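K.L.:
Data: protein.pdb, PDB, C-alpha atoms.
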```pdb
ATOM      1  CA  MET M  10      -5.492  -5.710 -85.453
ATOM      2  CA  GLY M  11      -6.873  -7.080 -88.714
ATOM      3  CA  ASN M  12      -9.302  -5.552 -91.187
ATOM      4  CA  GLY M  13     -10.778  -8.708 -92.599
ATOM      5  CA  THR M  14     -13.361  -9.875 -90.095
ATOM      6  CA  SER M  15     -15.637  -8.237 -87.562
ATOM      7  CA  ILE M  16     -13.876  -9.925 -84.651
ATOM      8  CA  GLY M  17     -10.478  -8.841 -85.998
ATOM      9  CA  ARG M  18     -11.512  -5.186 -86.012
ATOM     10  CA  VAL M  19     -12.564  -5.134 -82.338
ATOM     11  CA  ARG M  20      -9.976  -7.465 -80.853
ATOM     12  CA  GLY M  21      -7.749  -5.680 -78.327
ATOM     13  CA  LEU M  22     -10.056  -2.672 -78.002
ATOM     14  CA  GLY M  23     -11.900  -3.904 -74.928
ATOM     15  CA  SER M  24     -11.257  -3.969 -71.216
ATOM     16  CA  SER M  25      -7.705  -4.031 -69.917
ATOM     17  CA  HIS M  26      -8.934  -6.329 -67.098
ATOM     18  CA  ALA M  27      -7.152  -4.041 -64.643
ATOM     19  CA  GLY M  28     -10.236  -2.092 -63.511
ATOM     20  CA  THR M  29     -10.717  -3.956 -60.229
ATOM     21  CA  HIS M  30      -7.255  -3.038 -58.989
ATOM     22  CA  HIS M  31      -7.775   0.611 -59.979
ATOM     23  CA  TRP M  32     -11.158   0.671 -58.206
ATOM     24  CA  LEU M  33      -9.860  -0.973 -55.021
ATOM     25  CA  ALA M  34      -6.728   1.213 -54.888
ATOM     26  CA  GLN M  35      -8.921   4.322 -55.204
ATOM     27  CA  ARG M  36     -11.065   3.206 -52.221
ATOM     28  CA  LEU M  37      -8.043   2.183 -50.156
ATOM     29  CA  THR M  38      -6.269   5.512 -50.683
ATOM     30  CA  ALA M  39      -9.583   7.326 -50.040
ATOM     31  CA  VAL M  40      -9.726   5.804 -46.547
ATOM     32  CA  GLY M  41      -6.042   6.640 -46.052
ATOM     33  CA  ASN M  42      -6.720  10.263 -47.014
ATOM     34  CA  LEU M  43      -9.379  10.447 -44.280
ATOM     35  CA  ILE M  44      -6.517   9.879 -41.793
ATOM     36  CA  VAL M  45      -3.514  11.763 -43.207
ATOM     37  CA  ILE M  46      -5.267  14.948 -44.399
ATOM     38  CA  PRO M  47      -7.106  15.653 -41.094
ATOM     39  CA  PHE M  48      -3.770  14.974 -39.337
ATOM     40  CA  LEU M  49      -2.169  17.786 -41.355
ATOM     41  CA  GLY M  50      -5.128  20.146 -40.954
ATOM     42  CA  ILE M  51      -5.500  19.617 -37.191
ATOM     43  CA  SER M  52      -1.708  19.771 -36.604
ATOM     44  CA  LEU M  53      -1.400  23.099 -38.447
ATOM     45  CA  ALA M  54      -4.485  24.503 -36.699
ATOM     46  CA  LEU M  55      -3.047  23.587 -33.267
ATOM     47  CA  LEU M  56       0.431  25.079 -33.857
ATOM     48  CA  PRO M  57       1.000  28.108 -31.590
ATOM     49  CA  ALA M  58       2.449  30.120 -34.506
ATOM     50  CA  HIS M  59       3.236  29.669 -38.196
ATOM     51  CA  ASP M  60       6.719  31.200 -38.423
ATOM     52  CA  PHE M  61       9.540  29.190 -40.013
ATOM     53  CA  ALA M  62      11.071  27.869 -36.768
ATOM     54  CA  THR M  63       7.754  26.593 -35.386
ATOM     55  CA  VAL M  64       6.594  24.968 -38.629
ATOM     56  CA  HIS M  65      10.045  23.484 -39.389
ATOM     57  CA  GLY M  66      10.342  22.188 -35.830
ATOM     58  CA  TRP M  67       6.941  20.529 -36.083
ATOM     59  CA  ALA M  68       7.607  18.973 -39.517
ATOM     60  CA  ALA M  69      11.013  17.639 -38.393
ATOM     61  CA  LYS M  70       9.505  15.474 -35.629
ATOM     62  CA  PRO M  71       9.548  11.752 -36.529
ATOM     63  CA  LEU M  72       5.755  11.352 -36.321
ATOM     64  CA  SER M  73       5.093  14.506 -38.371
ATOM     65  CA  ALA M  74       7.692  13.553 -41.002
ATOM     66  CA  THR M  75       6.256  10.030 -41.250
ATOM     67  CA  MET M  76       2.717  11.331 -41.659
ATOM     68  CA  LEU M  77       3.879  13.919 -44.221
ATOM     69  CA  VAL M  78       5.537  11.213 -46.354
ATOM     70  CA  LEU M  79       2.375   9.084 -46.104
ATOM     71  CA  LEU M  80       0.331  12.184 -46.993
ATOM     72  CA  VAL M  81       2.415  12.940 -50.092
ATOM     73  CA  VAL M  82       2.379   9.333 -51.354
ATOM     74  CA  ASN M  83      -1.279   8.625 -50.553
ATOM     75  CA  THR M  84      -2.753  11.874 -51.879
ATOM     76  CA  LEU M  85      -0.682  11.749 -55.090
ATOM     77  CA  TYR M  86      -1.645   8.118 -55.741
ATOM     78  CA  HIS M  87      -5.336   8.875 -55.085
ATOM     79  CA  ALA M  88      -5.152  12.009 -57.264
ATOM     80  CA  ARG M  89      -3.403  10.123 -60.067
ATOM     81  CA  LEU M  90      -6.181   7.490 -60.105
ATOM     82  CA  GLY M  91      -8.915  10.131 -60.071
ATOM     83  CA  VAL M  92      -7.335  12.340 -62.740
ATOM     84  CA  GLN M  93      -6.948   9.226 -64.925
ATOM     85  CA  VAL M  94     -10.723   8.587 -64.737
ATOM     86  CA  MET M  95     -11.416  12.237 -65.589
ATOM     87  CA  LEU M  96      -9.037  12.154 -68.576
ATOM     88  CA  GLU M  97     -10.513   8.850 -69.822
ATOM     89  CA  ASP M  98     -13.922  10.553 -69.926
ATOM     90  CA  TYR M  99     -12.814  13.649 -71.849
ATOM     91  CA  ILE M 100      -9.754  12.734 -73.970
ATOM     92  CA  HIS M 101     -10.782  10.751 -77.062
ATOM     93  CA  GLU M 102      -7.961  11.261 -79.592
ATOM     94  CA  GLU M 103      -5.050   8.830 -79.747
ATOM     95  CA  GLY M 104      -2.377  11.530 -79.348
ATOM     96  CA  GLY M 105      -4.124  12.957 -76.328
ATOM     97  CA  LYS M 106      -4.444   9.517 -74.773
ATOM     98  CA  VAL M 107      -0.700   8.867 -75.124
ATOM     99  CA  ALA M 108       0.145  12.317 -73.718
ATOM    100  CA  SER M 109      -2.281  11.764 -70.811
ATOM    101  CA  TRP M 110      -0.790   8.349 -70.112
ATOM    102  CA  LEU M 111       2.707   9.839 -69.934
ATOM    103  CA  LEU M 112       1.551  12.750 -67.717
ATOM    104  CA  ILE M 113      -0.434  10.728 -65.167
ATOM    105  CA  ASN M 114       2.545   8.423 -64.669
ATOM    106  CA  PHE M 115       5.481  10.873 -64.777
ATOM    107  CA  VAL M 116       4.061  13.920 -62.947
ATOM    108  CA  PRO M 117       2.818  12.200 -59.752
ATOM    109  CA  ALA M 118       6.037  10.154 -59.507
ATOM    110  CA  ALA M 119       8.214  13.260 -59.866
ATOM    111  CA  ALA M 120       5.989  15.184 -57.432
ATOM    112  CA  ALA M 121       6.189  12.388 -54.847
ATOM    113  CA  VAL M 122       9.986  12.258 -55.080
ATOM    114  CA  PHE M 123      10.189  16.054 -54.668
ATOM    115  CA  GLY M 124       7.892  15.907 -51.629
ATOM    116  CA  ILE M 125       9.748  13.031 -49.985
ATOM    117  CA  VAL M 126      13.190  14.583 -50.612
ATOM    118  CA  SER M 127      11.898  17.825 -49.043
ATOM    119  CA  ILE M 128      10.542  16.020 -45.965
ATOM    120  CA  ILE M 129      13.767  14.011 -45.506
ATOM    121  CA  ARG M 130      15.755  17.231 -45.733
ATOM    122  CA  ILE M 131      13.519  18.832 -43.090
ATOM    123  CA  ALA M 132      13.588  15.773 -40.831
ATOM    124  CA  LEU M 133      17.385  15.394 -40.955
ATOM    125  CA  GLY M 134      17.864  18.981 -39.837
ATOM    126  CA  ALA M 135      19.286  20.674 -42.936
ATOM    127  CA  ALA M 136      18.421  24.301 -43.835
TER
ATOM    128  CA  MET X  29     -12.231   4.386 -86.111
ATOM    129  CA  ALA X  30     -13.128   8.056 -86.650
ATOM    130  CA  LEU X  31     -15.742   7.065 -89.260
ATOM    131  CA  ALA X  32     -17.208   4.413 -86.980
ATOM    132  CA  ARG X  33     -17.470   6.911 -84.110
ATOM    133  CA  SER X  34     -19.219   9.549 -86.235
ATOM    134  CA  ASN X  35     -22.133   7.178 -86.931
ATOM    135  CA  ARG X  36     -22.756   6.409 -83.274
ATOM    136  CA  PRO X  37     -25.521   8.168 -81.334
ATOM    137  CA  LEU X  38     -24.507  10.863 -78.850
ATOM    138  CA  SER X  39     -25.608  10.393 -75.255
ATOM    139  CA  PRO X  40     -27.552  13.318 -73.777
ATOM    140  CA  HIS X  41     -25.356  15.725 -71.832
ATOM    141  CA  LEU X  42     -25.885  18.097 -68.884
ATOM    142  CA  GLN X  43     -28.522  20.347 -70.452
ATOM    143  CA  ILE X  44     -30.952  17.446 -70.981
ATOM    144  CA  TRP X  45     -31.344  16.361 -67.357
ATOM    145  CA  ARG X  46     -33.381  17.915 -64.606
ATOM    146  CA  TRP X  47     -30.952  18.913 -61.864
ATOM    147  CA  GLY X  48     -31.138  16.971 -58.613
ATOM    148  CA  PRO X  49     -29.020  16.676 -55.465
ATOM    149  CA  ALA X  50     -27.301  13.423 -56.545
ATOM    150  CA  MET X  51     -26.337  14.923 -59.920
ATOM    151  CA  LEU X  52     -25.040  18.093 -58.276
ATOM    152  CA  VAL X  53     -22.852  16.325 -55.688
ATOM    153  CA  SER X  54     -21.578  13.850 -58.291
ATOM    154  CA  ILE X  55     -20.359  16.756 -60.439
ATOM    155  CA  LEU X  56     -18.995  18.534 -57.352
ATOM    156  CA  HIS X  57     -17.088  15.367 -56.407
ATOM    157  CA  ARG X  58     -15.261  15.449 -59.735
ATOM    158  CA  VAL X  59     -14.672  19.217 -59.700
ATOM    159  CA  THR X  60     -13.412  19.320 -56.098
ATOM    160  CA  GLY X  61     -11.276  16.202 -56.604
ATOM    161  CA  ASN X  62      -9.507  17.651 -59.622
ATOM    162  CA  GLY X  63      -9.183  21.028 -57.908
ATOM    163  CA  LEU X  64      -7.529  19.390 -54.922
ATOM    164  CA  ALA X  65      -5.309  17.305 -57.219
ATOM    165  CA  PHE X  66      -3.996  20.176 -59.354
ATOM    166  CA  VAL X  67      -4.195  23.224 -57.044
ATOM    167  CA  GLY X  68      -4.072  21.568 -53.623
ATOM    168  CA  LEU X  69      -1.144  19.238 -54.259
ATOM    169  CA  SER X  70       0.827  21.960 -56.095
ATOM    170  CA  LEU X  71       0.419  24.231 -53.080
ATOM    171  CA  LEU X  72       1.326  21.384 -50.686
ATOM    172  CA  LEU X  73       4.567  20.664 -52.588
ATOM    173  CA  TRP X  74       5.468  24.374 -52.806
ATOM    174  CA  TRP X  75       4.915  24.612 -49.029
ATOM    175  CA  LEU X  76       7.023  21.499 -48.253
ATOM    176  CA  GLY X  77       9.762  22.597 -50.666
ATOM    177  CA  SER X  78       9.869  26.065 -49.090
ATOM    178  CA  ILE X  79      10.279  24.639 -45.572
ATOM    179  CA  ALA X  80      13.078  22.362 -46.836
ATOM    180  CA  SER X  81      14.775  25.292 -48.626
ATOM    181  CA  GLY X  82      15.067  27.477 -45.524
ATOM    182  CA  PRO X  83      13.611  30.579 -43.826
ATOM    183  CA  GLU X  84      13.800  32.876 -46.905
ATOM    184  CA  ALA X  85      11.910  30.465 -49.186
ATOM    185  CA  TYR X  86       9.332  29.876 -46.447
ATOM    186  CA  GLU X  87       8.888  33.651 -46.018
ATOM    187  CA  THR X  88       8.336  33.983 -49.784
ATOM    188  CA  PHE X  89       5.646  31.283 -49.620
ATOM    189  CA  MET X  90       3.910  32.890 -46.626
ATOM    190  CA  THR X  91       4.155  36.397 -48.145
ATOM    191  CA  TYR X  92       2.577  35.465 -51.464
ATOM    192  CA  VAL X  93      -0.013  32.997 -50.121
ATOM    193  CA  TRP X  94      -1.078  34.564 -46.822
ATOM    194  CA  THR X  95       0.445  37.778 -45.385
ATOM    195  CA  GLY X  96       1.064  39.984 -48.440
ATOM    196  CA  ALA X  97       3.825  41.594 -46.348
ATOM    197  CA  ALA X  98       5.988  42.543 -49.362
ATOM    198  CA  GLY X  99       3.246  44.814 -50.749
ATOM    199  CA  GLY X 100       2.575  45.256 -54.484
ATOM    200  CA  LEU X 101       1.845  41.967 -56.209
ATOM    201  CA  SER X 102       1.950  40.020 -52.952
ATOM    202  CA  THR X 103      -0.979  42.063 -51.584
ATOM    203  CA  LEU X 104      -3.116  40.781 -54.457
ATOM    204  CA  THR X 105      -1.818  37.183 -54.370
ATOM    205  CA  ALA X 106      -2.321  37.024 -50.581
ATOM    206  CA  ILE X 107      -6.014  37.860 -51.052
ATOM    207  CA  LEU X 108      -6.234  35.197 -53.764
ATOM    208  CA  GLY X 109      -4.223  32.816 -51.541
ATOM    209  CA  LYS X 110      -6.741  33.126 -48.704
ATOM    210  CA  ILE X 111      -9.629  32.533 -51.113
ATOM    211  CA  VAL X 112      -7.818  29.495 -52.555
ATOM    212  CA  LEU X 113      -6.998  28.048 -49.109
ATOM    213  CA  VAL X 114     -10.572  28.452 -47.838
ATOM    214  CA  GLY X 115     -11.793  27.045 -51.176
ATOM    215  CA  LEU X 116      -9.422  24.069 -50.891
ATOM    216  CA  SER X 117     -10.565  23.308 -47.346
ATOM    217  CA  TRP X 118     -14.202  23.400 -48.521
ATOM    218  CA  ALA X 119     -13.238  21.235 -51.530
ATOM    219  CA  PHE X 120     -11.620  18.706 -49.190
ATOM    220  CA  PHE X 121     -14.657  18.543 -46.885
ATOM    221  CA  GLN X 122     -17.044  18.291 -49.863
ATOM    222  CA  HIS X 123     -14.906  15.634 -51.612
ATOM    223  CA  ALA X 124     -14.509  13.694 -48.335
ATOM    224  CA  ALA X 125     -18.262  13.826 -47.629
ATOM    225  CA  THR X 126     -19.247  12.689 -51.132
ATOM    226  CA  GLY X 127     -16.388  10.159 -50.982
ATOM    227  CA  ILE X 128     -17.800   8.650 -47.776
ATOM    228  CA  ARG X 129     -21.219   8.692 -49.507
ATOM    229  CA  HIS X 130     -19.661   6.660 -52.338
ATOM    230  CA  LEU X 131     -18.123   4.191 -49.857
ATOM    231  CA  VAL X 132     -21.596   3.700 -48.327
ATOM    232  CA  LEU X 133     -23.167   3.268 -51.791
ATOM    233  CA  ASP X 134     -20.388   0.741 -52.565
ATOM    234  CA  ILE X 135     -21.692  -1.587 -49.836
ATOM    235  CA  GLY X 136     -25.080  -1.536 -51.560
ATOM    236  CA  VAL X 137     -27.216   0.744 -49.371
ATOM    237  CA  GLY X 138     -28.728   4.218 -49.811
ATOM    238  CA  TYR X 139     -30.156   3.842 -53.322
ATOM    239  CA  GLU X 140     -33.789   4.683 -52.422
ATOM    240  CA  LEU X 141     -34.545   8.000 -54.165
ATOM    241  CA  SER X 142     -35.484   9.924 -51.020
ATOM    242  CA  VAL X 143     -32.551   8.536 -48.977
ATOM    243  CA  ASN X 144     -30.109   9.202 -51.806
ATOM    244  CA  ALA X 145     -31.323  12.795 -52.188
ATOM    245  CA  ARG X 146     -31.231  13.391 -48.422
ATOM    246  CA  TRP X 147     -27.600  12.255 -48.025
ATOM    247  CA  SER X 148     -26.576  14.177 -51.135
ATOM    248  CA  VAL X 149     -27.952  17.384 -49.608
ATOM    249  CA  PHE X 150     -26.319  16.457 -46.280
ATOM    250  CA  THR X 151     -22.827  16.435 -47.909
ATOM    251  CA  LEU X 152     -23.395  20.055 -49.011
ATOM    252  CA  ILE X 153     -24.412  21.151 -45.506
ATOM    253  CA  ALA X 154     -21.571  19.176 -43.895
ATOM    254  CA  SER X 155     -18.864  20.638 -46.145
ATOM    255  CA  VAL X 156     -19.934  24.250 -45.557
ATOM    256  CA  GLY X 157     -20.374  23.611 -41.823
ATOM    257  CA  LEU X 158     -16.988  21.927 -41.399
ATOM    258  CA  THR X 159     -15.239  24.650 -43.428
ATOM    259  CA  ALA X 160     -16.786  27.307 -41.148
ATOM    260  CA  LEU X 161     -15.852  25.331 -38.018
ATOM    261  CA  PHE X 162     -12.245  24.812 -39.181
ATOM    262  CA  TRP X 163     -11.571  28.447 -40.073
ATOM    263  CA  GLY X 164     -13.504  29.645 -37.043
ATOM    264  CA  PHE X 165     -11.172  27.579 -34.853
ATOM    265  CA  VAL X 166      -8.018  28.712 -36.699
ATOM    266  CA  LEU X 167      -8.867  32.420 -36.659
ATOM    267  CA  LEU X 168     -10.625  32.791 -33.300
ATOM    268  CA  ARG X 169      -8.668  30.618 -30.877
TER
END
```
Just dump the structure as structure tokens.
P.N.:
Amino acid sequence: MGNGTSIGRVRGLGSSHAGTHHWLAQRLTAVGNLIVIPFLGISLALLPAHDFATVHGWAAKPLSATMLVLLVVNTLYHARLGVQVMLEDYIHEEGGKVASWLLINFVPAAAAVFGIVSIIRIALGAA
Amino acid sequence: MALARSNRPLSPHLQIWRWGPAMLVSILHRVTGNGLAFVGLSLLLWWLGSIASGPEAYETFMTYVWTGAAGGLSTLTAILGKIVLVGLSWAFFQHAATGIRHLVLDIGVGYELSVNARWSVFTLIASVGLTALFWGFVLLR
């Protein structure tokens, strides 16, 4: 970034040209959420009891485990995109932007891995 | 950059505008979305992790979020847990309703002032109604 000319001062400060992908991914995961979240809510509401054996037995079924993995990945991706938009509106300092950028990439990835490892452990019959 | 920003005009914020249904549900969409992201997903991962960790961890989760069976602190957190869970279910229904509203607006319809206001109000009624239906089913069946 130069200081000499007007164009040099603004070059590189504009659009990243990645907005369309962000926008489409947010809509796509929104539609996905309309499937996976009601699946969880209705499944839990229909369970005869909510003790460990019943809930573990339900979550260990192949369909439940599949839907739970999809739920974890889809909701975290959708949340990450939405939280990014919120942070872009309210965080204006350079340090805060860098910290936000690290957080919205590291935290959802770590959370998704934790969720998926948990579901695999349930589905494969440990604990 | 800081100097350049200080000379720029500030856009009017919340206190300037007359409140309307579209403004209210737009703000609610952001609030419920971030609530679900931070509180909802944290609770979901705690729940999944507790099931994966075994009966004792699951009991701890259920005690502190729902039953309060251990007494003391868990009595308080179980009351808060119920409020949070009902709040999260309402937040989901509200966020889903305004989200569907956004998907409809994305295809270019529903921008007439009266139509826009009507569907904005409808998301508020739908979210409260669906929350009541869901918990009614869970608790009364």
K.L.:
Which of these residues is nearest to M:Ala88, using all atoms listed in the file: M:Pro47, M:Gly134, M:Gly41, M:Pro117?
P.N.:
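Once distances to M:Ala88 are computed over all atoms listed in the file, the minimum belongs to M:Pro117.
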K.L.:
Fewer than 3 positions away in the same chain doesn't count, so skip those; otherwise give me all residues within 10 Å of M:Ser109, counting only C-alpha atoms, as number ranges by chain.
P.N.:
M: 92-93, 96-97, 100, 103-106, 112-115
K.L.:
Chain M residues within 7 Å of chain X, counting all atoms listed in the file: which ones, as a PyMOL selection string?
P.N.:
chain M and resi 54+61+65+88+92+124+127-128+130-131+136
K.L.:
Hey, can you check how far atom CA of X:His57 sits from atom CA of X:Ala160?
P.N.:
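Separation between atom CA of X:His57 and atom CA of X:Ala160: 19.4 Å.
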K.L.:
Please list, as an NGL selection string, the residues that have an atom at most 8 Å away from (-1.8, 35.3, -48.4) in the coordinates of this file, counting only C-alpha atoms.
P.N.:
:X and (90-96 or 102-103 or 105-110)
K.L.:
Can I get the selected residues back with C-alpha atoms, as a PDB file, in the frame of the given file?
P.N.:
```pdb
ATOM      1  CA  MET X  90       3.910  32.890 -46.626  1.00  0.00           C
ATOM      2  CA  THR X  91       4.155  36.397 -48.145  1.00  0.00           C
ATOM      3  CA  TYR X  92       2.577  35.465 -51.464  1.00  0.00           C
ATOM      4  CA  VAL X  93      -0.013  32.997 -50.121  1.00  0.00           C
ATOM      5  CA  TRP X  94      -1.078  34.564 -46.822  1.00  0.00           C
ATOM      6  CA  THR X  95       0.445  37.778 -45.385  1.00  0.00           C
ATOM      7  CA  GLY X  96       1.064  39.984 -48.440  1.00  0.00           C
ATOM      8  CA  SER X 102       1.950  40.020 -52.952  1.00  0.00           C
ATOM      9  CA  THR X 103      -0.979  42.063 -51.584  1.00  0.00           C
ATOM     10  CA  THR X 105      -1.818  37.183 -54.370  1.00  0.00           C
ATOM     11  CA  ALA X 106      -2.321  37.024 -50.581  1.00  0.00           C
ATOM     12  CA  ILE X 107      -6.014  37.860 -51.052  1.00  0.00           C
ATOM     13  CA  LEU X 108      -6.234  35.197 -53.764  1.00  0.00           C
ATOM     14  CA  GLY X 109      -4.223  32.816 -51.541  1.00  0.00           C
ATOM     15  CA  LYS X 110      -6.741  33.126 -48.704  1.00  0.00           C
TER      16      LYS X 110
END
```
K.L.:
Could you name the residues that touch M:Ile46 at 10 Å or less, counting all atoms listed in the file, but leaving out those on the same chain fewer than 2 positions away, as an MDAnalysis selection string?
P.N.:
(chainID M and resid 41:44 48:52 76:77 79:81 83:84) or (chainID X and resid 120)
K.L.:
Which residue gives the smallest distance to M:Leu53 among M:Thr38, M:Ser73, M:Ser24, M:Thr29, with only C-alpha atoms counted?
P.N.:
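Answer, going by the shortest atom-to-atom distance: M:Ser73.
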K.L.:
Tell me which residues come within 10 Å of (5.3, 22.2, -33.7), as an MDAnalysis selection string, counting only C-alpha atoms in the file's coordinates.
P.N.:
chainID M and resid 52:53 55:59 62:70 73
K.L.:
Run the PyMOL selection byres ((chain X and resi 147) around 10) against the file shown and list the residues it catches, as a tab-separated table (two decimals) with C-alpha atoms, keeping the file's coordinate frame.
P.N.:
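What ended up in result-v3.tsv:
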```tsv
chain	number	residue	atom	x	y	z
X	49	PRO	CA	-29.02	16.68	-55.46
X	50	ALA	CA	-27.30	13.42	-56.54
X	53	VAL	CA	-22.85	16.32	-55.69
X	125	ALA	CA	-18.26	13.83	-47.63
X	126	THR	CA	-19.25	12.69	-51.13
X	129	ARG	CA	-21.22	8.69	-49.51
X	138	GLY	CA	-28.73	4.22	-49.81
X	142	SER	CA	-35.48	9.92	-51.02
X	143	VAL	CA	-32.55	8.54	-48.98
X	144	ASN	CA	-30.11	9.20	-51.81
X	145	ALA	CA	-31.32	12.80	-52.19
X	146	ARG	CA	-31.23	13.39	-48.42
X	148	SER	CA	-26.58	14.18	-51.14
X	149	VAL	CA	-27.95	17.38	-49.61
X	150	PHE	CA	-26.32	16.46	-46.28
X	151	THR	CA	-22.83	16.43	-47.91
X	152	LEU	CA	-23.40	20.06	-49.01
X	153	ILE	CA	-24.41	21.15	-45.51
```
K.L.:
Which distance in Å separates atom CA of M:Leu85 and atom CA of M:Ala118, to one decimal?
P.N.:
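It comes out at 8.2 Å.
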K.L.:
Where's the centre, and what are the edge lengths in Å to one decimal, of a box along x, y and z enclosing all listed atoms of stretch 75-91 of chain M padded 8 Å per side, as AutoDock Vina command-line options?
P.N.:
```
--center_x -1.3 --center_y 10.7 --center_z -50.7 --size_x 31.2 --size_y 22.4 --size_z 34.9
```
K.L.:
For stretch 38-49 of chain M, which lacks atoms in the input, supply N, CA and C atoms and format the output as a compact mmCIF listing (two decimals), keeping the file's coordinate frame.
P.N.:
```
# COMPACT_ATOMS: atom_id res chain seq x y z
N THR M 38 -6.93 4.23 -50.90
CA THR M 38 -6.27 5.51 -50.68
C THR M 38 -7.27 6.56 -50.20
N ALA M 39 -8.56 6.40 -50.55
CA ALA M 39 -9.58 7.33 -50.04
C ALA M 39 -9.66 7.23 -48.52
N VAL M 40 -9.68 6.00 -48.00
CA VAL M 40 -9.73 5.80 -46.55
C VAL M 40 -8.44 6.35 -45.91
N GLY M 41 -7.31 6.11 -46.55
CA GLY M 41 -6.04 6.64 -46.05
C GLY M 41 -6.06 8.16 -45.98
N ASN M 42 -6.63 8.80 -47.00
CA ASN M 42 -6.72 10.26 -47.01
C ASN M 42 -7.53 10.80 -45.85
N LEU M 43 -8.55 10.01 -45.41
CA LEU M 43 -9.38 10.45 -44.28
C LEU M 43 -8.58 10.46 -42.98
N ILE M 44 -7.39 9.86 -42.97
CA ILE M 44 -6.52 9.88 -41.79
C ILE M 44 -5.42 10.94 -41.96
N VAL M 45 -4.70 10.90 -43.08
CA VAL M 45 -3.51 11.76 -43.21
C VAL M 45 -3.85 13.24 -43.42
N ILE M 46 -4.95 13.53 -44.14
CA ILE M 46 -5.27 14.95 -44.40
C ILE M 46 -5.79 15.64 -43.13
N PRO M 47 -6.74 15.03 -42.38
CA PRO M 47 -7.11 15.65 -41.09
C PRO M 47 -5.91 15.79 -40.15
N PHE M 48 -4.96 14.84 -40.18
CA PHE M 48 -3.77 14.97 -39.34
C PHE M 48 -3.04 16.28 -39.67
N LEU M 49 -2.86 16.55 -40.96
CA LEU M 49 -2.17 17.79 -41.36
C LEU M 49 -2.98 19.01 -40.95
```
